[in-house]
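Novice: Can you read through this structure? Questions will come right after.
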Amino acid sequence: MRKVLLLILALCVCSCSAFASEIPEFSFNFPRPHQDTLDDWAIASAIVQAIQRPNIPSKEFKLEASAEDVRKAIQDLINQASENGGGKVIIPAGDYFCKGPIELKSGVELHLEEGAKILFSPEPSDYLPVVKTRWEGTELMNYSPMIYAYGQHDIALTGKGTIDGNAESIFHTWKKLEKPDQKQLRLWGAAGVPVEERVFGEGHYLRPCIIDVNYCERVLLEDYTVMNSPFWINHLNCSNHVQMRGLKVNSMFANNDGVDVESCKYVLIEENTFRTGDDSVVVKSGRDYDGRKIGLPSKYVVIRKNDMGGEDGIALGSEMSGGIAYVFFEDNILRDGESAVRFKANLDRGGTCEHIRVRNMKIANFDNFIWFQLNYPGELGGNFPTVYKDLVFEDITVESLKGKLFECHAPKGYPLQDVMLRNIKIAKSEKTDFILENVSNLVIDNLEVNDQRMNGVLSSF
């Protein structure tokens, strides 16, 4: 029987009356009560300053095609620009139909002027042949994302135009068909089957992302609107020096995460608006043996000044086998949803998540505040516990909660370690439970719930 400690507010109140291109390795010290974290946040500022912008030449290439399908015309311009040293490919205002994927190339900015809208084909066959990417953290050969980049440098996707994955896309019907392929991919990943043999094209049902950037250096995603994604919306995979700002993400289909940062370093996500069918912002680093073998963490990530509305607000995992470190969430607004903060793992994963800082967050109405679901359902019967440690949540306001205030389930022998809740005010909470399974050193420093104040240190094993 697992041991679960349930603490109610009344008991707690009684107990608490009394870089050049690379940034040097930093060391956090988990703060004591009443000790500030300004030095930690100085690291966040250093990360932002170190992120390199793409170098895009000023030469312009403007789309003039009026054909029913503009895919070839756009791709020809991108190829031409890249082959000639780079430049800006401009899509003027207007409605365009694109019968297949667009591939970004080194040195090129694809710019959608305000009023430009690219509507992608609803037919899966238009996204073949297969390309290499990750699907839920495991590498594979799959249908091409609608906008795709692999192994490129100095690329950009910008402008106030719209990228539409098509509400009538057949991909949207595949959620109920994907389970056998999902299971097969995970088994192949766990067995180390070569990626080139993990082919999921015609006759398979794994939906592609709408925008997918893989193994790229110096990337800018800026200002566009994106909607009707088949799967994850903005997938940043194994890429470094990435900036994403000013996006309007409005996509409510299944698994529509706003942005998935996976195995990336030096990333800035700022001033975006997310209205999504799944999590708004997620940080990941690969799944199970496949993710551990690649071994690329997500590290040096700053996520600030975003307006988030999704199932969950901010999330880590559950695909995080390569590790996650030095992630900073600052000045974000979270709207309604299930869990404002949801950090995940299971015994198939492994990896360490550490040095996470969250501050100045405004939360509206959620079912749950903070949920460490470190017993997320596994499928492989693994014994690779994940360690979550050194996390600080501070200067946060919450309008109302319906469910859990704080819940954690961690595997035996691998507790959640060193978590601080500081200067947090929850105006209204229907429940005041702390559910702790294997937690070490949960520090509460000025937590106010329903006008009652809490301080203290909690542990449970």
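Letters A, B, ... mark the chains of the structure tokens in the order given; residue numbers begin at 1 per chain; ligand numbers begin at 1, in order shown.
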Applying 12 Å and only C-alpha atoms, which residues near A:Gly381 remain after dropping the ones on its own chain fewer than 4 positions away? List them as a list in words.

Specialist: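 In the requested form, the answer reads Leu187, Ala190, Asp288, Asn346, Leu347, Asp348, Arg349, Pro377 and Pro385 of chain A.
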
Novice: How would the residues just picked look written out with C-alpha atoms as an mmCIF file, in the first residue's frame?

Specialist:
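Output saved as out-v3.cif:
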```cif
data_model
loop_
_atom_site.group_PDB
_atom_site.id
_atom_site.type_symbol
_atom_site.label_atom_id
_atom_site.label_comp_id
_atom_site.auth_asym_id
_atom_site.auth_seq_id
_atom_site.Cartn_x
_atom_site.Cartn_y
_atom_site.Cartn_z
ATOM 1 C CA LEU A 187 8.029 -0.491 -28.352
ATOM 2 C CA ALA A 190 12.385 1.051 -26.207
ATOM 3 C CA ASP A 288 12.150 6.492 -22.369
ATOM 4 C CA ASN A 346 6.805 7.800 -14.796
ATOM 5 C CA LEU A 347 9.043 4.778 -14.245
ATOM 6 C CA ASP A 348 9.712 4.359 -17.966
ATOM 7 C CA ARG A 349 11.340 7.786 -18.222
ATOM 8 C CA PRO A 377 0.829 5.921 -16.543
ATOM 9 C CA PRO A 385 12.695 6.864 -11.703
#
```

Novice: Identify, on the basis of only C-alpha atoms, every residue whose closest approach to stretch 454-461 of chain A does not exceed 6 Å; exclude the query and any residue fewer than 3 positions from it along the same chain; express the result as a ChimeraX atom specification.

Specialist: /A:13,16,437-447

Novice: Can I get the selection written as a PDB file, in the first residue's frame, with C-alpha atoms?

Specialist:
```
ATOM      1  CA  VAL A  13      -2.347  26.872  10.213  1.00  0.00           C
ATOM      2  CA  CYS A  16       2.784  27.741  11.396  1.00  0.00           C
ATOM      3  CA  GLU A 437       3.402  10.854  -1.417  1.00  0.00           C
ATOM      4  CA  ASN A 438       7.209  10.784  -1.167  1.00  0.00           C
ATOM      5  CA  VAL A 439       8.054  14.440  -0.740  1.00  0.00           C
ATOM      6  CA  SER A 440      11.141  15.844   0.964  1.00  0.00           C
ATOM      7  CA  ASN A 441      11.413  19.437   2.144  1.00  0.00           C
ATOM      8  CA  LEU A 442       8.338  21.203   0.847  1.00  0.00           C
ATOM      9  CA  VAL A 443       8.891  24.703   2.253  1.00  0.00           C
ATOM     10  CA  ILE A 444       5.860  26.964   2.722  1.00  0.00           C
ATOM     11  CA  ASP A 445       6.806  30.601   3.183  1.00  0.00           C
ATOM     12  CA  ASN A 446       3.816  32.938   3.373  1.00  0.00           C
ATOM     13  CA  LEU A 447       1.063  31.008   1.646  1.00  0.00           C
TER      14      LEU A 447
END
```

Novice: Set the distance at 8 Å and use only C-alpha atoms: which residues neighbour A:Arg207 once local chain neighbours fewer than 2 positions away are removed? I'd like the list as a list of chain:residue names.

Specialist: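 Contacts, with the query itself left out: A:Tyr143, A:Phe171, A:His172, A:Trp174, A:Lys175, A:Tyr205, A:Cys209, A:Pro230, A:Phe231.
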
Novice: Would you list the contacts of A:Ser58 as a ChimeraX atom specification, taking every protein, DNA or RNA residue within 10 Å and counting only C-alpha atoms, but skipping same-chain residues closer than 6 positions in sequence?

Specialist: /A:86-88,108-109

Novice: Go ahead and save the picked residues with N, CA and C atoms, as a PDB file, in the first residue's frame.

Specialist:
```
ATOM      1  N   GLY A  86      20.581  33.328 -48.966  1.00  0.00           N
ATOM      2  CA  GLY A  86      19.518  33.641 -48.018  1.00  0.00           C
ATOM      3  C   GLY A  86      18.775  34.906 -48.359  1.00  0.00           C
ATOM      4  N   GLY A  87      17.681  35.141 -47.629  1.00  0.00           N
ATOM      5  CA  GLY A  87      16.871  36.322 -47.832  1.00  0.00           C
ATOM      6  C   GLY A  87      15.472  36.125 -47.283  1.00  0.00           C
ATOM      7  N   LYS A  88      14.611  37.064 -47.592  1.00  0.00           N
ATOM      8  CA  LYS A  88      13.250  37.120 -47.050  1.00  0.00           C
ATOM      9  C   LYS A  88      12.252  36.774 -48.151  1.00  0.00           C
ATOM     10  N   VAL A 108      16.915  31.707 -44.639  1.00  0.00           N
ATOM     11  CA  VAL A 108      15.671  32.205 -45.226  1.00  0.00           C
ATOM     12  C   VAL A 108      14.640  32.527 -44.157  1.00  0.00           C
ATOM     13  N   GLU A 109      13.992  33.668 -44.321  1.00  0.00           N
ATOM     14  CA  GLU A 109      12.832  34.057 -43.518  1.00  0.00           C
ATOM     15  C   GLU A 109      11.588  33.957 -44.395  1.00  0.00           C
TER      16      GLU A 109
END
```

Novice: May I have the residues within 7 Å of A:Gly317 as a PDB file with N, CA and C atoms, in the first residue's frame, using only C-alpha atoms and disregarding those fewer than 5 positions away in the same chain?

Specialist:
```pdb
ATOM      1  N   VAL A 283       7.630  21.843 -21.573  1.00  0.00           N
ATOM      2  CA  VAL A 283       9.053  21.597 -21.775  1.00  0.00           C
ATOM      3  C   VAL A 283       9.290  20.094 -21.645  1.00  0.00           C
ATOM      4  N   LYS A 284       9.985  19.513 -22.633  1.00  0.00           N
ATOM      5  CA  LYS A 284      10.185  18.075 -22.717  1.00  0.00           C
ATOM      6  C   LYS A 284      11.629  17.782 -23.131  1.00  0.00           C
ATOM      7  N   PHE A 343       3.519  18.945 -13.595  1.00  0.00           N
ATOM      8  CA  PHE A 343       4.822  18.375 -13.905  1.00  0.00           C
ATOM      9  C   PHE A 343       4.700  16.856 -13.826  1.00  0.00           C
ATOM     10  N   LYS A 344       5.183  16.140 -14.870  1.00  0.00           N
ATOM     11  CA  LYS A 344       4.857  14.728 -15.040  1.00  0.00           C
ATOM     12  C   LYS A 344       6.108  13.871 -15.234  1.00  0.00           C
ATOM     13  N   ALA A 345       5.973  12.582 -14.932  1.00  0.00           N
ATOM     14  CA  ALA A 345       7.010  11.585 -15.205  1.00  0.00           C
ATOM     15  C   ALA A 345       6.423  10.215 -14.888  1.00  0.00           C
TER      16      ALA A 345
END
```

Novice: Tell me, as a ChimeraX atom specification, which residues lie within 12 Å of A:Gln80, counting only C-alpha atoms; anything in the same chain fewer than 3 positions away does not count.

Specialist: /A:59-62,72-77,83-89,104-108

Novice: Please write the residues from the selection above to a file, keeping C-alpha atoms, as a PDB file, in the first residue's frame.

Specialist:
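Final file, again00.pdb:
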```
ATOM      1  CA  LYS A  59      17.446  40.499 -50.073  1.00  0.00           C
ATOM      2  CA  GLU A  60      13.716  39.950 -50.782  1.00  0.00           C
ATOM      3  CA  PHE A  61      11.870  37.343 -52.841  1.00  0.00           C
ATOM      4  CA  LYS A  62       8.150  38.049 -53.292  1.00  0.00           C
ATOM      5  CA  LYS A  72       5.621  24.757 -55.523  1.00  0.00           C
ATOM      6  CA  ALA A  73       5.895  28.526 -55.973  1.00  0.00           C
ATOM      7  CA  ILE A  74       6.637  29.105 -52.289  1.00  0.00           C
ATOM      8  CA  GLN A  75       9.113  26.223 -52.065  1.00  0.00           C
ATOM      9  CA  ASP A  76      10.890  27.355 -55.242  1.00  0.00           C
ATOM     10  CA  LEU A  77      11.354  30.830 -53.739  1.00  0.00           C
ATOM     11  CA  GLU A  83      20.911  28.715 -52.685  1.00  0.00           C
ATOM     12  CA  ASN A  84      21.796  32.389 -53.182  1.00  0.00           C
ATOM     13  CA  GLY A  85      22.909  33.044 -49.625  1.00  0.00           C
ATOM     14  CA  GLY A  86      19.518  33.641 -48.018  1.00  0.00           C
ATOM     15  CA  GLY A  87      16.871  36.322 -47.832  1.00  0.00           C
ATOM     16  CA  LYS A  88      13.250  37.120 -47.050  1.00  0.00           C
ATOM     17  CA  VAL A  89      10.470  35.276 -48.890  1.00  0.00           C
ATOM     18  CA  LEU A 104      12.292  25.971 -44.401  1.00  0.00           C
ATOM     19  CA  LYS A 105      15.909  26.311 -45.492  1.00  0.00           C
ATOM     20  CA  SER A 106      19.044  27.928 -44.065  1.00  0.00           C
ATOM     21  CA  GLY A 107      19.323  31.694 -44.319  1.00  0.00           C
ATOM     22  CA  VAL A 108      15.671  32.205 -45.226  1.00  0.00           C
TER      23      VAL A 108
END
```
